[in-house]
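Printed here is structure-v1.cif (mmCIF, C-alpha atoms):
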```
data_start
#
loop_
_atom_site.group_PDB
_atom_site.id
_atom_site.type_symbol
_atom_site.label_atom_id
_atom_site.label_comp_id
_atom_site.auth_asym_id
_atom_site.auth_seq_id
_atom_site.Cartn_x
_atom_site.Cartn_y
_atom_site.Cartn_z
ATOM 1 C CA MET A 1 87.963 -28.060 22.056
ATOM 2 C CA LEU A 2 86.896 -25.053 19.958
ATOM 3 C CA LYS A 3 83.909 -24.456 22.253
ATOM 4 C CA ARG A 4 86.061 -24.496 25.420
ATOM 5 C CA THR A 5 88.659 -22.169 23.861
ATOM 6 C CA PHE A 6 85.903 -19.804 22.736
ATOM 7 C CA ASP A 7 84.346 -19.897 26.235
ATOM 8 C CA LEU A 8 87.659 -19.071 27.914
ATOM 9 C CA LEU A 9 88.529 -16.224 25.561
ATOM 10 C CA LEU A 10 85.045 -14.705 25.669
ATOM 11 C CA ALA A 11 84.867 -15.039 29.478
ATOM 12 C CA ILE A 12 88.218 -13.279 29.921
ATOM 13 C CA VAL A 13 87.247 -10.457 27.550
ATOM 14 C CA ALA A 14 83.778 -10.144 29.110
ATOM 15 C CA ALA A 15 85.195 -10.091 32.662
ATOM 16 C CA GLY A 16 87.507 -7.216 31.716
ATOM 17 C CA PHE A 17 84.752 -5.334 29.919
ATOM 18 C CA LEU A 18 82.215 -5.932 32.726
ATOM 19 C CA LEU A 19 84.490 -5.209 35.693
ATOM 20 C CA VAL A 20 82.888 -1.837 36.474
ATOM 21 C CA PRO A 21 79.279 -3.121 36.169
ATOM 22 C CA LEU A 22 80.212 -6.126 38.339
ATOM 23 C CA LEU A 23 81.533 -3.797 41.040
ATOM 24 C CA LEU A 24 78.521 -1.464 40.811
ATOM 25 C CA VAL A 25 76.043 -4.342 41.130
ATOM 26 C CA ALA A 26 78.008 -5.752 44.062
ATOM 27 C CA VAL A 27 77.820 -2.390 45.860
ATOM 28 C CA CYS A 28 74.072 -2.106 45.157
ATOM 29 C CA VAL A 29 73.400 -5.583 46.560
ATOM 30 C CA ARG A 30 75.501 -4.864 49.656
ATOM 31 C CA LEU A 31 73.840 -1.507 50.364
ATOM 32 C CA THR A 32 70.225 -2.637 49.871
ATOM 33 C CA SER A 33 69.978 -5.860 51.875
ATOM 34 C CA PRO A 34 71.758 -7.816 54.592
ATOM 35 C CA GLY A 35 73.623 -10.971 53.653
ATOM 36 C CA PRO A 36 76.267 -11.983 51.147
ATOM 37 C CA ILE A 37 76.629 -10.232 47.794
ATOM 38 C CA VAL A 38 76.859 -13.489 45.879
ATOM 39 C CA TYR A 39 74.520 -16.428 46.311
ATOM 40 C CA TRP A 40 76.055 -19.839 45.593
ATOM 41 C CA SER A 41 73.466 -22.383 44.529
ATOM 42 C CA ASP A 42 73.968 -26.103 44.072
ATOM 43 C CA ARG A 43 73.353 -26.833 40.411
ATOM 44 C CA VAL A 44 73.405 -29.901 38.219
ATOM 45 C CA GLY A 45 76.184 -29.964 35.664
ATOM 46 C CA ARG A 46 77.432 -32.393 33.051
ATOM 47 C CA TYR A 47 76.550 -36.017 33.841
ATOM 48 C CA ASN A 48 74.398 -34.750 36.727
ATOM 49 C CA ARG A 49 77.437 -33.734 38.781
ATOM 50 C CA ILE A 50 76.640 -31.062 41.384
ATOM 51 C CA PHE A 51 78.607 -27.815 41.231
ATOM 52 C CA ARG A 52 78.307 -24.457 42.993
ATOM 53 C CA MET A 53 77.061 -21.674 40.704
ATOM 54 C CA PRO A 54 77.359 -18.009 41.744
ATOM 55 C CA LYS A 55 74.752 -15.336 41.103
ATOM 56 C CA PHE A 56 74.328 -11.887 42.536
ATOM 57 C CA ARG A 57 71.847 -12.314 45.360
ATOM 58 C CA THR A 58 68.367 -11.113 44.374
ATOM 59 C CA MET A 59 66.358 -12.796 47.145
ATOM 60 C CA ARG A 60 66.308 -12.237 50.887
ATOM 61 C CA ILE A 61 68.456 -14.575 52.960
ATOM 62 C CA ASP A 62 65.365 -16.291 54.450
ATOM 63 C CA THR A 63 64.090 -17.480 51.037
ATOM 64 C CA PRO A 64 63.532 -21.259 50.730
ATOM 65 C CA ALA A 65 66.050 -23.005 48.417
ATOM 66 C CA VAL A 66 63.586 -23.984 45.688
ATOM 67 C CA ALA A 67 62.996 -22.916 42.100
ATOM 68 C CA THR A 68 61.377 -19.482 41.930
ATOM 69 C CA HIS A 69 58.232 -20.848 40.274
ATOM 70 C CA LEU A 70 57.635 -23.078 43.321
ATOM 71 C CA LEU A 71 57.452 -20.145 45.735
ATOM 72 C CA GLY A 72 53.897 -19.057 46.553
ATOM 73 C CA ASP A 73 54.644 -15.375 46.006
ATOM 74 C CA PRO A 74 58.223 -14.957 44.760
ATOM 75 C CA GLY A 75 57.936 -11.168 44.766
ATOM 76 C CA GLN A 76 57.763 -11.086 48.552
ATOM 77 C CA TYR A 77 61.292 -12.529 48.750
ATOM 78 C CA LEU A 78 62.991 -10.127 46.334
ATOM 79 C CA THR A 79 65.543 -7.665 47.651
ATOM 80 C CA PRO A 80 65.055 -3.969 46.772
ATOM 81 C CA VAL A 81 67.271 -4.375 43.668
ATOM 82 C CA GLY A 82 66.405 -8.030 43.019
ATOM 83 C CA SER A 83 63.672 -7.475 40.474
ATOM 84 C CA PHE A 84 65.841 -5.098 38.443
ATOM 85 C CA LEU A 85 68.819 -7.464 38.517
ATOM 86 C CA ARG A 86 66.675 -10.378 37.339
ATOM 87 C CA LYS A 87 64.881 -8.461 34.593
ATOM 88 C CA THR A 88 68.190 -7.178 33.216
ATOM 89 C CA SER A 89 69.970 -10.531 33.833
ATOM 90 C CA LEU A 90 72.710 -8.672 35.713
ATOM 91 C CA ASP A 91 72.357 -11.259 38.492
ATOM 92 C CA GLU A 92 73.897 -13.793 36.082
ATOM 93 C CA LEU A 93 77.241 -11.972 35.668
ATOM 94 C CA PRO A 94 79.117 -13.933 38.388
ATOM 95 C CA GLN A 95 78.557 -17.063 36.305
ATOM 96 C CA LEU A 96 81.567 -15.961 34.280
ATOM 97 C CA TRP A 97 83.466 -17.663 37.128
ATOM 98 C CA SER A 98 81.709 -20.970 36.403
ATOM 99 C CA ILE A 99 82.555 -20.610 32.718
ATOM 100 C CA LEU A 100 86.225 -19.952 33.505
ATOM 101 C CA LYS A 101 86.275 -23.035 35.779
ATOM 102 C CA GLY A 102 84.685 -25.205 33.097
ATOM 103 C CA ASP A 103 81.521 -26.002 35.086
ATOM 104 C CA MET A 104 79.514 -24.030 32.535
ATOM 105 C CA SER A 105 79.705 -22.864 28.939
ATOM 106 C CA PHE A 106 78.249 -19.732 27.397
ATOM 107 C CA VAL A 107 75.714 -21.876 25.521
ATOM 108 C CA GLY A 108 74.008 -25.040 26.723
ATOM 109 C CA PRO A 109 70.965 -26.033 28.776
ATOM 110 C CA ARG A 110 70.576 -23.875 31.889
ATOM 111 C CA PRO A 111 71.850 -25.795 34.921
ATOM 112 C CA ALA A 112 69.005 -27.227 36.983
ATOM 113 C CA LEU A 113 68.759 -26.687 40.715
ATOM 114 C CA PHE A 114 69.877 -29.772 42.654
ATOM 115 C CA ASN A 115 66.283 -30.385 43.799
ATOM 116 C CA GLN A 116 64.537 -30.083 40.415
ATOM 117 C CA HIS A 117 64.212 -33.858 40.185
ATOM 118 C CA ASP A 118 61.586 -33.824 37.415
ATOM 119 C CA LEU A 119 63.771 -31.648 35.170
ATOM 120 C CA ILE A 120 66.904 -33.690 35.924
ATOM 121 C CA ALA A 121 65.124 -36.989 35.205
ATOM 122 C CA LEU A 122 63.713 -35.782 31.880
ATOM 123 C CA ARG A 123 67.069 -34.354 30.804
ATOM 124 C CA THR A 124 68.825 -37.609 31.693
ATOM 125 C CA GLU A 125 66.217 -39.595 29.751
ATOM 126 C CA ARG A 126 66.761 -37.359 26.689
ATOM 127 C CA GLN A 127 70.601 -37.418 27.117
ATOM 128 C CA VAL A 128 70.813 -33.706 27.757
ATOM 129 C CA ASP A 129 72.906 -34.426 30.870
ATOM 130 C CA GLY A 130 75.919 -35.298 28.683
ATOM 131 C CA ILE A 131 76.770 -31.703 27.804
ATOM 132 C CA VAL A 132 78.045 -28.796 29.862
ATOM 133 C CA PRO A 133 75.232 -26.458 30.981
ATOM 134 C CA GLY A 134 75.208 -22.891 29.749
ATOM 135 C CA LEU A 135 74.646 -19.289 30.678
ATOM 136 C CA THR A 136 72.095 -19.219 27.870
ATOM 137 C CA GLY A 137 70.619 -21.820 25.603
ATOM 138 C CA TRP A 138 68.075 -22.774 22.978
ATOM 139 C CA ALA A 139 65.305 -23.025 25.594
ATOM 140 C CA GLN A 140 66.167 -19.580 27.004
ATOM 141 C CA ILE A 141 65.727 -17.856 23.660
ATOM 142 C CA ASN A 142 62.513 -19.781 23.033
ATOM 143 C CA GLY A 143 60.622 -18.999 26.227
ATOM 144 C CA ARG A 144 62.919 -18.797 29.265
ATOM 145 C CA ASP A 145 60.896 -18.849 32.539
ATOM 146 C CA GLU A 146 57.576 -19.239 30.739
ATOM 147 C CA LEU A 147 58.212 -22.785 29.455
ATOM 148 C CA PRO A 148 56.725 -25.895 31.048
ATOM 149 C CA ILE A 149 59.470 -28.405 31.952
ATOM 150 C CA PRO A 150 58.669 -30.947 29.181
ATOM 151 C CA ASP A 151 58.853 -28.181 26.566
ATOM 152 C CA LYS A 152 62.126 -26.893 28.019
ATOM 153 C CA VAL A 153 63.636 -30.395 27.882
ATOM 154 C CA ALA A 154 62.444 -30.862 24.277
ATOM 155 C CA LEU A 155 64.248 -27.637 23.328
ATOM 156 C CA ASP A 156 67.349 -28.749 25.268
ATOM 157 C CA ALA A 157 67.283 -32.086 23.399
ATOM 158 C CA TYR A 158 66.978 -30.228 20.090
ATOM 159 C CA TYR A 159 70.110 -28.270 21.004
ATOM 160 C CA VAL A 160 72.007 -31.460 21.863
ATOM 161 C CA GLN A 161 71.097 -32.979 18.483
ATOM 162 C CA HIS A 162 71.904 -29.856 16.445
ATOM 163 C CA ARG A 163 74.690 -28.162 18.395
ATOM 164 C CA SER A 164 77.424 -26.467 16.444
ATOM 165 C CA PHE A 165 79.623 -23.437 16.769
ATOM 166 C CA LEU A 166 77.366 -21.518 14.376
ATOM 167 C CA LEU A 167 74.261 -22.431 16.387
ATOM 168 C CA ASP A 168 76.038 -21.249 19.556
ATOM 169 C CA LEU A 169 76.850 -17.915 17.899
ATOM 170 C CA HIS A 170 73.234 -17.614 16.754
ATOM 171 C CA ILE A 171 71.985 -18.305 20.304
ATOM 172 C CA LEU A 172 74.381 -15.725 21.772
ATOM 173 C CA TYR A 173 73.222 -13.164 19.204
ATOM 174 C CA LEU A 174 69.539 -13.809 19.965
ATOM 175 C CA THR A 175 70.199 -13.827 23.721
ATOM 176 C CA PHE A 176 71.631 -10.314 23.527
ATOM 177 C CA PHE A 177 68.363 -9.004 22.090
ATOM 178 C CA LYS A 178 66.163 -11.104 24.403
ATOM 179 C CA VAL A 179 67.966 -9.641 27.414
ATOM 180 C CA LEU A 180 67.611 -6.103 26.071
ATOM 181 C CA LYS A 181 63.869 -6.631 25.535
ATOM 182 C CA ARG A 182 63.547 -8.604 28.813
ATOM 183 C CA ASP A 183 61.629 -11.333 26.982
ATOM 184 C CA GLY A 184 60.466 -14.308 29.036
ATOM 185 C CA VAL A 185 61.352 -12.915 32.460
ATOM 186 C CA THR A 186 58.616 -13.412 35.038
ATOM 187 C CA HIS A 187 60.377 -12.239 38.241
#
```

Render the structure in this file as structure tokens.
Amino acid sequence: MLKRTFDLLLAIVAAGFLLVPLLLVAVCVRLTSPGPIVYWSDRVGRYNRIFRMPKFRTMRIDTPAVATHLLGDPGQYLTPVGSFLRKTSLDELPQLWSILKGDMSFVGPRPALFNQHDLIALRTERQVDGIVPGLTGWAQINGRDELPIPDKVALDAYYVQHRSFLLDLHILYLTFFKVLKRDGVTH
């Protein structure tokens, strides 16, 4: 209950504070590539339920719907502002909507793509699927895109076993600095 209340209050405050950056990013995406401003991807939420998660679109509209690391050359699919949006994590801002809806939390395991069957299976086996996914999480501050899936799931399982409000605040604090330094971002 405390976590959900915190998520709602922080999402409302953040949305108000980030309104101008949200609008500026939306204009940049619209002006630099054809297609929608927001990309809605099917993601795996709590108890492996599929939900639609918004992100500012960073890839061309002809990009295959697979995890970035599975693309032969992901850079060839990036829009003119895509790399910048990913490195600064500005592409994640529309996920405030998912937090307001309750599909996501600020802190939890990052929601898997619907077709990341290996990740989903390992998370289910380790009972990570029982919590709401997050905008950031223990795995994100300990490696982000650079982690092999088994290592990511081990970190997610650690979070499940040790989660607390103080740990969430610690993760949010560390995330702020990771984003500023662009740690663990490959594309």

query = Quick one: of A:Asn48, A:Asn115, A:Ser105, A:Ser89, who's nearest to Val25 (chain A), counting all atoms listed in the file?
reply =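 The closest residue to Val25 (chain A) is A:Ser89.
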
request  = Report as a ChimeraX atom specification the residues that result from applying the PyMOL selection byres ((chain A and resi 124-139) around 8) to the structure here.
outcome  = /A:45-48,92,95,103-111,120-123,140-144,152-153,155-157,159-160,171-172,175

Got time to write the residues from that selection, C-alpha atoms, as an mmCIF file, keeping the file's coordinate frame?
```cif
data_model
loop_
_atom_site.group_PDB
_atom_site.id
_atom_site.type_symbol
_atom_site.label_atom_id
_atom_site.label_comp_id
_atom_site.auth_asym_id
_atom_site.auth_seq_id
_atom_site.Cartn_x
_atom_site.Cartn_y
_atom_site.Cartn_z
ATOM 1 C CA GLY A 45 76.184 -29.964 35.664
ATOM 2 C CA ARG A 46 77.432 -32.393 33.051
ATOM 3 C CA TYR A 47 76.550 -36.017 33.841
ATOM 4 C CA ASN A 48 74.398 -34.750 36.727
ATOM 5 C CA GLU A 92 73.897 -13.793 36.082
ATOM 6 C CA GLN A 95 78.557 -17.063 36.305
ATOM 7 C CA ASP A 103 81.521 -26.002 35.086
ATOM 8 C CA MET A 104 79.514 -24.030 32.535
ATOM 9 C CA SER A 105 79.705 -22.864 28.939
ATOM 10 C CA PHE A 106 78.249 -19.732 27.397
ATOM 11 C CA VAL A 107 75.714 -21.876 25.521
ATOM 12 C CA GLY A 108 74.008 -25.040 26.723
ATOM 13 C CA PRO A 109 70.965 -26.033 28.776
ATOM 14 C CA ARG A 110 70.576 -23.875 31.889
ATOM 15 C CA PRO A 111 71.850 -25.795 34.921
ATOM 16 C CA ILE A 120 66.904 -33.690 35.924
ATOM 17 C CA ALA A 121 65.124 -36.989 35.205
ATOM 18 C CA LEU A 122 63.713 -35.782 31.880
ATOM 19 C CA ARG A 123 67.069 -34.354 30.804
ATOM 20 C CA GLN A 140 66.167 -19.580 27.004
ATOM 21 C CA ILE A 141 65.727 -17.856 23.660
ATOM 22 C CA ASN A 142 62.513 -19.781 23.033
ATOM 23 C CA GLY A 143 60.622 -18.999 26.227
ATOM 24 C CA ARG A 144 62.919 -18.797 29.265
ATOM 25 C CA LYS A 152 62.126 -26.893 28.019
ATOM 26 C CA VAL A 153 63.636 -30.395 27.882
ATOM 27 C CA LEU A 155 64.248 -27.637 23.328
ATOM 28 C CA ASP A 156 67.349 -28.749 25.268
ATOM 29 C CA ALA A 157 67.283 -32.086 23.399
ATOM 30 C CA TYR A 159 70.110 -28.270 21.004
ATOM 31 C CA VAL A 160 72.007 -31.460 21.863
ATOM 32 C CA ILE A 171 71.985 -18.305 20.304
ATOM 33 C CA LEU A 172 74.381 -15.725 21.772
ATOM 34 C CA THR A 175 70.199 -13.827 23.721
#
```

inquiry  = Applying 12 Å and all atoms listed in the file, which residues near Pro21 (chain A) remain after dropping the ones on its own chain fewer than 4 positions away? List them as a ChimeraX atom specification.
reply    = /A:14-17,25-28,56,85,90-94

message = Which residue is closest to Thr32 (chain A)? Choose from A:Pro80, A:Met59, A:Leu71, A:Lys3 and count only C-alpha atoms.
response = A:Pro80

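Ranking A:Leu23, A:Ile12, A:Leu119, A:Leu167 by their shortest atom-to-atom distance to Ala154 (chain A), with all atoms listed in the file included, puts A:Leu119 first.
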
ask   = Which one of A:Leu147, A:Ala112, A:Val179, A:Leu100 sits closest to Ala11 (chain A) if you count only C-alpha atoms?
value =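 For Ala11 (chain A), the nearest of the given residues is A:Leu100.
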
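Atom to atom, CA of Leu169 (chain A) and CA of Leu22 (chain A) stand 23.8 Å apart.
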
Pairwise distance for CA of Pro74 (chain A) and CA of Arg43 (chain A), rounded to one decimal in Å =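 These atoms are spaced 19.7 Å apart.
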
Residue nearest Pro54 (chain A) among A:Leu78, A:Val38, A:Met1, A:Ile149 (counting all atoms listed in the file) =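 Among the listed residues, the smallest separation from Pro54 (chain A) belongs to A:Val38.
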
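Nearest to Leu24 (chain A) of all the residues A:Trp97, A:Gly75, A:Val81, A:Phe177 is A:Val81, based on only C-alpha atoms.
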
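Counting from CA of Asp7 (chain A), the distance to CA of Met53 (chain A) is 16.3 Å.
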
request  = Select all residues near (86.6, -25.1, 20.1) (cut-off 12 Å, inclusive, file coordinates), counting all atoms listed in the file, and output them as a ChimeraX atom specification.
outcome  = /A:1-10,105,164-166,168
